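Source file: upload09.cif (mmCIF, C-alpha atoms; chains and numbers go by the auth columns)
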```cif
data_work
#
loop_
_atom_site.group_PDB
_atom_site.id
_atom_site.type_symbol
_atom_site.label_atom_id
_atom_site.label_comp_id
_atom_site.label_asym_id
_atom_site.label_seq_id
_atom_site.Cartn_x
_atom_site.Cartn_y
_atom_site.Cartn_z
_atom_site.B_iso_or_equiv
_atom_site.auth_seq_id
_atom_site.auth_asym_id
ATOM 1 C CA MET A 1 -7.068 -23.512 2.124 0.00 1 A
ATOM 2 C CA SER A 2 -6.336 -27.202 2.111 0.00 2 A
ATOM 3 C CA ALA A 3 -7.681 -29.738 -0.351 0.00 3 A
ATOM 4 C CA SER A 4 -7.700 -32.453 2.303 0.00 4 A
ATOM 5 C CA GLY A 5 -10.993 -33.895 3.502 0.00 5 A
ATOM 6 C CA GLY A 6 -12.716 -33.627 6.870 0.00 6 A
ATOM 7 C CA ALA A 7 -11.021 -36.808 8.151 0.00 7 A
ATOM 8 C CA SER A 8 -7.642 -35.117 8.416 0.00 8 A
ATOM 9 C CA ALA A 9 -5.854 -34.817 11.737 0.00 9 A
ATOM 10 C CA PRO A 10 -6.971 -31.990 14.034 0.00 10 A
ATOM 11 C CA GLY A 11 -5.503 -28.742 12.800 0.00 11 A
ATOM 12 C CA GLY A 12 -4.168 -30.478 9.695 0.00 12 A
ATOM 13 C CA ALA A 13 -6.266 -28.406 7.309 0.00 13 A
ATOM 14 C CA GLU A 14 -5.036 -25.191 8.865 0.00 14 A
ATOM 15 C CA ALA A 15 -1.362 -26.085 9.037 0.00 15 A
ATOM 16 C CA PRO A 16 -0.397 -24.874 5.529 0.00 16 A
ATOM 17 C CA ALA A 17 -2.163 -21.550 6.088 0.00 17 A
ATOM 18 C CA GLN A 18 -0.471 -21.115 9.473 0.00 18 A
ATOM 19 C CA ALA A 19 2.946 -21.968 8.024 0.00 19 A
ATOM 20 C CA SER A 20 2.376 -19.446 5.260 0.00 20 A
ATOM 21 C CA LEU A 21 1.219 -16.714 7.633 0.00 21 A
ATOM 22 C CA LEU A 22 4.187 -17.290 9.955 0.00 22 A
ATOM 23 C CA HIS A 23 6.742 -17.129 7.149 0.00 23 A
ATOM 24 C CA PRO A 24 9.368 -14.427 7.897 0.00 24 A
ATOM 25 C CA ALA A 25 8.219 -12.371 4.900 0.00 25 A
ATOM 26 C CA ASN A 26 4.662 -12.255 6.232 0.00 26 A
ATOM 27 C CA LEU A 27 5.872 -11.538 9.767 0.00 27 A
ATOM 28 C CA LEU A 28 7.668 -8.449 8.448 0.00 28 A
ATOM 29 C CA THR A 29 4.443 -7.329 6.796 0.00 29 A
ATOM 30 C CA LEU A 30 2.470 -7.967 9.990 0.00 30 A
ATOM 31 C CA ALA A 31 5.023 -5.928 11.938 0.00 31 A
ATOM 32 C CA ARG A 32 4.354 -3.034 9.565 0.00 32 A
ATOM 33 C CA LEU A 33 0.643 -3.292 10.313 0.00 33 A
ATOM 34 C CA LEU A 34 1.176 -3.545 14.072 0.00 34 A
ATOM 35 C CA PHE A 35 3.444 -0.493 14.219 0.00 35 A
ATOM 36 C CA ALA A 36 1.197 1.615 11.984 0.00 36 A
ATOM 37 C CA PRO A 37 -0.888 2.957 14.937 0.00 37 A
ATOM 38 C CA VAL A 38 2.339 3.961 16.703 0.00 38 A
ATOM 39 C CA LEU A 39 3.384 5.976 13.648 0.00 39 A
ATOM 40 C CA PHE A 40 -0.023 7.637 13.490 0.00 40 A
ATOM 41 C CA LEU A 41 0.174 8.560 17.173 0.00 41 A
ATOM 42 C CA LEU A 42 3.657 10.053 16.784 0.00 42 A
ATOM 43 C CA ILE A 43 2.444 12.216 13.902 0.00 43 A
ATOM 44 C CA LEU A 44 -0.602 13.417 15.820 0.00 44 A
ATOM 45 C CA GLN A 45 1.438 14.126 18.958 0.00 45 A
ATOM 46 C CA ALA A 46 3.789 16.359 16.953 0.00 46 A
ATOM 47 C CA GLU A 47 0.965 18.799 16.300 0.00 47 A
ATOM 48 C CA GLN A 48 3.077 21.889 17.018 0.00 48 A
ATOM 49 C CA SER A 49 5.489 20.932 14.242 0.00 49 A
ATOM 50 C CA ARG A 50 2.595 19.748 12.019 0.00 50 A
ATOM 51 C CA GLY A 51 3.515 16.075 12.280 0.00 51 A
ATOM 52 C CA ALA A 52 7.277 16.408 11.832 0.00 52 A
ATOM 53 C CA SER A 53 9.441 14.597 14.374 0.00 53 A
ATOM 54 C CA TRP A 54 12.536 12.441 14.307 0.00 54 A
ATOM 55 C CA ALA A 55 10.688 9.684 16.143 0.00 55 A
ATOM 56 C CA ALA A 56 8.001 9.514 13.461 0.00 56 A
ATOM 57 C CA PHE A 57 10.586 9.801 10.684 0.00 57 A
ATOM 58 C CA GLY A 58 12.762 7.031 12.138 0.00 58 A
ATOM 59 C CA LEU A 59 9.822 4.684 12.604 0.00 59 A
ATOM 60 C CA GLY A 60 8.548 5.473 9.120 0.00 60 A
ATOM 61 C CA VAL A 61 11.911 4.643 7.553 0.00 61 A
ATOM 62 C CA ALA A 62 12.086 1.395 9.540 0.00 62 A
ATOM 63 C CA MET A 63 8.604 0.427 8.357 0.00 63 A
ATOM 64 C CA ALA A 64 9.558 1.225 4.767 0.00 64 A
ATOM 65 C CA GLY A 65 12.506 -1.119 5.270 0.00 65 A
ATOM 66 C CA THR A 66 10.161 -3.976 6.186 0.00 66 A
ATOM 67 C CA ASP A 67 8.254 -3.319 2.951 0.00 67 A
ATOM 68 C CA PHE A 68 11.510 -3.679 1.010 0.00 68 A
ATOM 69 C CA PHE A 69 12.811 -6.728 2.837 0.00 69 A
ATOM 70 C CA ASP A 70 9.593 -8.773 2.999 0.00 70 A
ATOM 71 C CA GLY A 71 9.583 -9.034 -0.795 0.00 71 A
ATOM 72 C CA ARG A 72 13.267 -9.948 -0.905 0.00 72 A
ATOM 73 C CA VAL A 73 12.813 -12.605 1.791 0.00 73 A
ATOM 74 C CA ALA A 74 9.857 -14.129 -0.059 0.00 74 A
ATOM 75 C CA ARG A 75 11.728 -14.182 -3.385 0.00 75 A
ATOM 76 C CA ARG A 76 14.889 -15.636 -1.832 0.00 76 A
ATOM 77 C CA ALA A 77 12.860 -18.418 -0.223 0.00 77 A
ATOM 78 C CA ASN A 78 10.895 -18.823 -3.476 0.00 78 A
ATOM 79 C CA VAL A 79 7.676 -18.495 -1.491 0.00 79 A
ATOM 80 C CA THR A 80 4.423 -17.091 -2.811 0.00 80 A
ATOM 81 C CA SER A 81 1.204 -17.251 -0.801 0.00 81 A
ATOM 82 C CA ARG A 82 -2.305 -15.875 -0.844 0.00 82 A
ATOM 83 C CA SER A 83 -1.789 -14.470 2.628 0.00 83 A
ATOM 84 C CA GLY A 84 1.301 -12.553 1.502 0.00 84 A
ATOM 85 C CA ALA A 85 -0.411 -11.320 -1.663 0.00 85 A
ATOM 86 C CA PHE A 86 -3.251 -9.998 0.523 0.00 86 A
ATOM 87 C CA LEU A 87 -1.289 -8.658 3.489 0.00 87 A
ATOM 88 C CA ASP A 88 1.434 -6.726 1.659 0.00 88 A
ATOM 89 C CA PRO A 89 -0.807 -4.325 -0.307 0.00 89 A
ATOM 90 C CA LEU A 90 -3.129 -4.068 2.712 0.00 90 A
ATOM 91 C CA ALA A 91 -0.232 -2.941 4.907 0.00 91 A
ATOM 92 C CA ASP A 92 0.853 -0.447 2.251 0.00 92 A
ATOM 93 C CA LYS A 93 -2.609 1.097 2.084 0.00 93 A
ATOM 94 C CA VAL A 94 -3.082 1.210 5.864 0.00 94 A
ATOM 95 C CA VAL A 95 0.269 2.927 6.455 0.00 95 A
ATOM 96 C CA VAL A 96 0.077 5.366 3.538 0.00 96 A
ATOM 97 C CA LEU A 97 -3.547 6.433 3.954 0.00 97 A
ATOM 98 C CA GLY A 98 -3.442 6.435 7.751 0.00 98 A
ATOM 99 C CA ALA A 99 -0.315 8.590 7.867 0.00 99 A
ATOM 100 C CA ALA A 100 -1.632 10.901 5.148 0.00 100 A
ATOM 101 C CA PHE A 101 -4.902 11.547 6.987 0.00 101 A
ATOM 102 C CA CYS A 102 -2.977 12.133 10.209 0.00 102 A
ATOM 103 C CA LEU A 103 -0.981 14.779 8.330 0.00 103 A
ATOM 104 C CA VAL A 104 -4.269 16.323 7.217 0.00 104 A
ATOM 105 C CA ALA A 105 -5.362 16.399 10.871 0.00 105 A
ATOM 106 C CA VAL A 106 -2.225 18.334 11.904 0.00 106 A
ATOM 107 C CA GLU A 107 -2.630 20.668 8.895 0.00 107 A
ATOM 108 C CA ARG A 108 0.493 19.512 7.104 0.00 108 A
ATOM 109 C CA TYR A 109 -1.410 18.149 4.086 0.00 109 A
ATOM 110 C CA TRP A 110 -4.386 19.545 2.197 0.00 110 A
ATOM 111 C CA TRP A 111 -7.328 17.131 2.349 0.00 111 A
ATOM 112 C CA VAL A 112 -8.056 17.208 -1.417 0.00 112 A
ATOM 113 C CA PRO A 113 -4.985 15.286 -2.719 0.00 113 A
ATOM 114 C CA VAL A 114 -5.183 12.849 0.191 0.00 114 A
ATOM 115 C CA THR A 115 -8.854 12.164 -0.557 0.00 115 A
ATOM 116 C CA ILE A 116 -8.007 11.551 -4.221 0.00 116 A
ATOM 117 C CA MET A 117 -5.416 8.972 -3.144 0.00 117 A
ATOM 118 C CA ALA A 118 -7.884 7.326 -0.774 0.00 118 A
ATOM 119 C CA PHE A 119 -10.600 7.041 -3.434 0.00 119 A
ATOM 120 C CA ARG A 120 -8.129 5.506 -5.865 0.00 120 A
ATOM 121 C CA GLU A 121 -6.719 2.993 -3.375 0.00 121 A
ATOM 122 C CA LEU A 122 -10.100 1.867 -2.046 0.00 122 A
ATOM 123 C CA GLY A 123 -11.736 2.014 -5.458 0.00 123 A
ATOM 124 C CA ILE A 124 -9.139 -0.154 -7.190 0.00 124 A
ATOM 125 C CA THR A 125 -9.220 -2.640 -4.311 0.00 125 A
ATOM 126 C CA ALA A 126 -12.998 -2.963 -4.739 0.00 126 A
ATOM 127 C CA TRP A 127 -12.568 -3.110 -8.539 0.00 127 A
ATOM 128 C CA ARG A 128 -10.087 -5.984 -8.346 0.00 128 A
ATOM 129 C CA ALA A 129 -12.259 -7.808 -5.804 0.00 129 A
ATOM 130 C CA ARG A 130 -15.244 -7.509 -8.126 0.00 130 A
ATOM 131 C CA TRP A 131 -13.394 -9.074 -11.056 0.00 131 A
ATOM 132 C CA ALA A 132 -11.864 -11.715 -8.799 0.00 132 A
ATOM 133 C CA GLY A 133 -15.412 -12.690 -7.836 0.00 133 A
ATOM 134 C CA GLU A 134 -16.068 -13.323 -11.534 0.00 134 A
ATOM 135 C CA GLY A 135 -12.935 -15.418 -11.857 0.00 135 A
ATOM 136 C CA VAL A 136 -10.896 -12.728 -13.618 0.00 136 A
ATOM 137 C CA SER A 137 -7.432 -12.289 -12.116 0.00 137 A
ATOM 138 C CA ILE A 138 -5.753 -8.870 -12.408 0.00 138 A
ATOM 139 C CA PRO A 139 -2.081 -9.326 -11.472 0.00 139 A
ATOM 140 C CA ALA A 140 -0.232 -6.645 -9.552 0.00 140 A
ATOM 141 C CA ARG A 141 1.824 -4.276 -11.668 0.00 141 A
ATOM 142 C CA ARG A 142 5.457 -3.383 -11.015 0.00 142 A
ATOM 143 C CA SER A 143 4.394 0.247 -11.373 0.00 143 A
ATOM 144 C CA ALA A 144 2.240 -0.217 -8.256 0.00 144 A
ATOM 145 C CA LYS A 145 5.413 -0.727 -6.214 0.00 145 A
ATOM 146 C CA TYR A 146 6.881 2.428 -7.718 0.00 146 A
ATOM 147 C CA LYS A 147 3.682 4.201 -6.754 0.00 147 A
ATOM 148 C CA THR A 148 3.989 3.002 -3.175 0.00 148 A
ATOM 149 C CA PHE A 149 7.629 4.124 -3.066 0.00 149 A
ATOM 150 C CA VAL A 150 6.717 7.626 -4.288 0.00 150 A
ATOM 151 C CA GLN A 151 3.902 7.814 -1.732 0.00 151 A
ATOM 152 C CA ALA A 152 6.229 6.699 1.064 0.00 152 A
ATOM 153 C CA LEU A 153 8.876 9.211 -0.030 0.00 153 A
ATOM 154 C CA ALA A 154 6.347 12.053 0.058 0.00 154 A
ATOM 155 C CA LEU A 155 5.221 11.003 3.540 0.00 155 A
ATOM 156 C CA ALA A 156 8.802 10.681 4.804 0.00 156 A
ATOM 157 C CA MET A 157 9.556 14.189 3.574 0.00 157 A
ATOM 158 C CA ALA A 158 6.432 15.513 5.323 0.00 158 A
ATOM 159 C CA ILE A 159 7.459 14.147 8.726 0.00 159 A
ATOM 160 C CA MET A 160 11.160 15.017 8.419 0.00 160 A
ATOM 161 C CA PRO A 161 11.919 17.911 10.807 0.00 161 A
ATOM 162 C CA THR A 162 14.498 19.505 8.492 0.00 162 A
ATOM 163 C CA LEU A 163 11.717 20.058 5.904 0.00 163 A
ATOM 164 C CA GLU A 164 9.216 21.399 8.416 0.00 164 A
ATOM 165 C CA ASP A 165 8.961 24.776 6.665 0.00 165 A
ATOM 166 C CA ALA A 166 9.356 23.543 3.073 0.00 166 A
ATOM 167 C CA ASP A 167 5.629 23.691 2.322 0.00 167 A
ATOM 168 C CA LEU A 168 6.010 24.137 -1.451 0.00 168 A
ATOM 169 C CA VAL A 169 8.412 21.201 -1.778 0.00 169 A
ATOM 170 C CA LEU A 170 6.118 18.985 0.285 0.00 170 A
ATOM 171 C CA ALA A 171 3.056 20.009 -1.726 0.00 171 A
ATOM 172 C CA ILE A 172 4.845 19.178 -4.999 0.00 172 A
ATOM 173 C CA ALA A 173 5.972 15.800 -3.640 0.00 173 A
ATOM 174 C CA LEU A 174 2.418 15.008 -2.544 0.00 174 A
ATOM 175 C CA TRP A 175 0.905 15.898 -5.923 0.00 175 A
ATOM 176 C CA VAL A 176 3.545 13.797 -7.696 0.00 176 A
ATOM 177 C CA ALA A 177 2.465 10.884 -5.478 0.00 177 A
ATOM 178 C CA VAL A 178 -1.164 11.586 -6.373 0.00 178 A
ATOM 179 C CA ALA A 179 -0.276 11.546 -10.083 0.00 179 A
ATOM 180 C CA PHE A 180 1.433 8.142 -9.727 0.00 180 A
ATOM 181 C CA THR A 181 -1.564 6.893 -7.770 0.00 181 A
ATOM 182 C CA VAL A 182 -4.113 7.974 -10.373 0.00 182 A
ATOM 183 C CA VAL A 183 -2.091 6.734 -13.370 0.00 183 A
ATOM 184 C CA THR A 184 -1.552 3.266 -11.889 0.00 184 A
ATOM 185 C CA GLY A 185 -5.247 3.137 -11.058 0.00 185 A
ATOM 186 C CA LEU A 186 -6.120 3.786 -14.698 0.00 186 A
ATOM 187 C CA GLN A 187 -3.625 1.088 -15.721 0.00 187 A
ATOM 188 C CA TYR A 188 -5.428 -1.426 -13.498 0.00 188 A
ATOM 189 C CA MET A 189 -8.763 -0.522 -15.069 0.00 189 A
ATOM 190 C CA LEU A 190 -7.317 -1.118 -18.551 0.00 190 A
ATOM 191 C CA ASP A 191 -5.757 -4.379 -17.340 0.00 191 A
ATOM 192 C CA SER A 192 -9.140 -5.559 -16.061 0.00 192 A
ATOM 193 C CA ARG A 193 -10.725 -5.038 -19.470 0.00 193 A
ATOM 194 C CA SER A 194 -7.920 -6.955 -21.180 0.00 194 A
ATOM 195 C CA ALA A 195 -8.125 -9.761 -18.609 0.00 195 A
ATOM 196 C CA ARG A 196 -11.885 -9.999 -19.048 0.00 196 A
ATOM 197 C CA ALA A 197 -11.526 -10.140 -22.829 0.00 197 A
ATOM 198 C CA ARG A 198 -8.966 -12.956 -22.528 0.00 198 A
ATOM 199 C CA SER A 199 -11.209 -14.822 -20.109 0.00 199 A
ATOM 200 C CA ARG A 200 -14.152 -14.605 -22.517 0.00 200 A
ATOM 201 C CA SER A 201 -11.953 -15.746 -25.407 0.00 201 A
ATOM 202 C CA GLU A 202 -10.701 -18.753 -23.429 0.00 202 A
ATOM 203 C CA ASN A 203 -14.244 -19.722 -22.436 0.00 203 A
ATOM 204 C CA GLN A 204 -15.374 -19.636 -26.046 0.00 204 A
ATOM 205 C CA THR A 205 -12.579 -21.920 -27.264 0.00 205 A
#
```
Could you take the file, read its structure, and then write that structure out as structure tokens?
Amino acid sequence: MSASGGASAPGGAEAPAQASLLHPANLLTLARLLFAPVLFLLILQAEQSRGASWAAFGLGVAMAGTDFFDGRVARRANVTSRSGAFLDPLADKVVVLGAAFCLVAVERYWWVPVTIMAFRELGITAWRARWAGEGVSIPARRSAKYKTFVQALALAMAIMPTLEDADLVLAIALWVAVAFTVVTGLQYMLDSRSARARSRSENQT
């Protein structure tokens, strides 16, 4: 949002937001969102192999690459934006949860661990939004990126044709991802309490 008044030139108030959204880092994130439905379709079409196909695996690896490079591009350009802070975790959640539920649909994954992940992801998003509405900022943790990496690794293994029959290995990888997901969720809840306590202390001084 711009701090300029209503007398600004047409489109002037929107220019910073547009420039931010069209930054290469954000374009990489948007590409991940746009290609997510293609990944889901490839998984569902490979029903006979329970979601495993080289096409899905290749696209998944390419999308994981955009997740890696968008952060590097933003840091190299020394650019931080609200749009990027919103879009990046959104893209992560859409890809991870969408692909995981597609794997449930083709009977590659059990629905219980995937549902646990979904409740954590959506619950923490709502939790952070609630505190943000009260003016309490809960910064993203580095462990959240590790969590996303472990989730992506588990998904990549599940759609890799060479592991099509490695059900035990895939189940272990999925539950490890669930463990990372739950632990980081608990960390965010503890962070929110600390942030709220600091906010109250600052308001009293």
Could you tell me which residues the PyMOL selection byres ((chain A and resi 64) around 10) returns for this structure, as an MDAnalysis selection string?
-> chainID A and resid 32 58:63 65:69 92 95 148:149 152:153 156
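Remark: for Gln151 of chain A, the closest of the candidate residues A:Ala46, A:Ala177, A:Ile116, A:Val169 is A:Ala177 (distances computed over all atoms listed in the file).
Closest approach to Leu34 of chain A among A:Cys102, A:Tyr188, A:Phe57, A:Val94 is made by A:Val94 (distances from all atoms listed in the file).
Closest to Ile172 of chain A among A:Ala56, A:Leu87, A:Val150, A:Leu28 is A:Val150, based on all atoms listed in the file.
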Nearest to Arg142 of chain A by atom-to-atom distance, counting only C-alpha atoms, from A:Pro37, A:Leu170, A:Thr184, A:Leu44 | A:Thr184
Would you mind listing what lies within 12 Å of Asp167 of chain A as a ChimeraX atom specification, with all atoms listed in the file counted and same-chain residues fewer than 2 positions away left out?
-> /A:50,107-110,154,157-160,162-165,169-174
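Taking atom CA of Leu186 of chain A and atom CA of Arg120 of chain A as endpoints, the distance between them is 9.2 Å.
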Using all atoms listed in the file, pick whichever of A:Leu30, A:Ile124, A:Leu103, A:Leu168 has the shortest atom-to-atom distance to Ala144 of chain A.
->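 Checking each candidate against Ala144 of chain A, we get A:Ile124 as the closest.
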What is the distance, in Å and to one decimal place, between atom CA of Asp88 of chain A and atom CA of Thr29 of chain A?
->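 Those two atoms sit 6.0 Å apart.
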When you draw a straight line from atom CA of Ala105 of chain A to atom CA of Phe35 of chain A, how long is it in Å?
->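 For atom CA of Ala105 of chain A relative to atom CA of Phe35 of chain A, the distance reads 19.3 Å.
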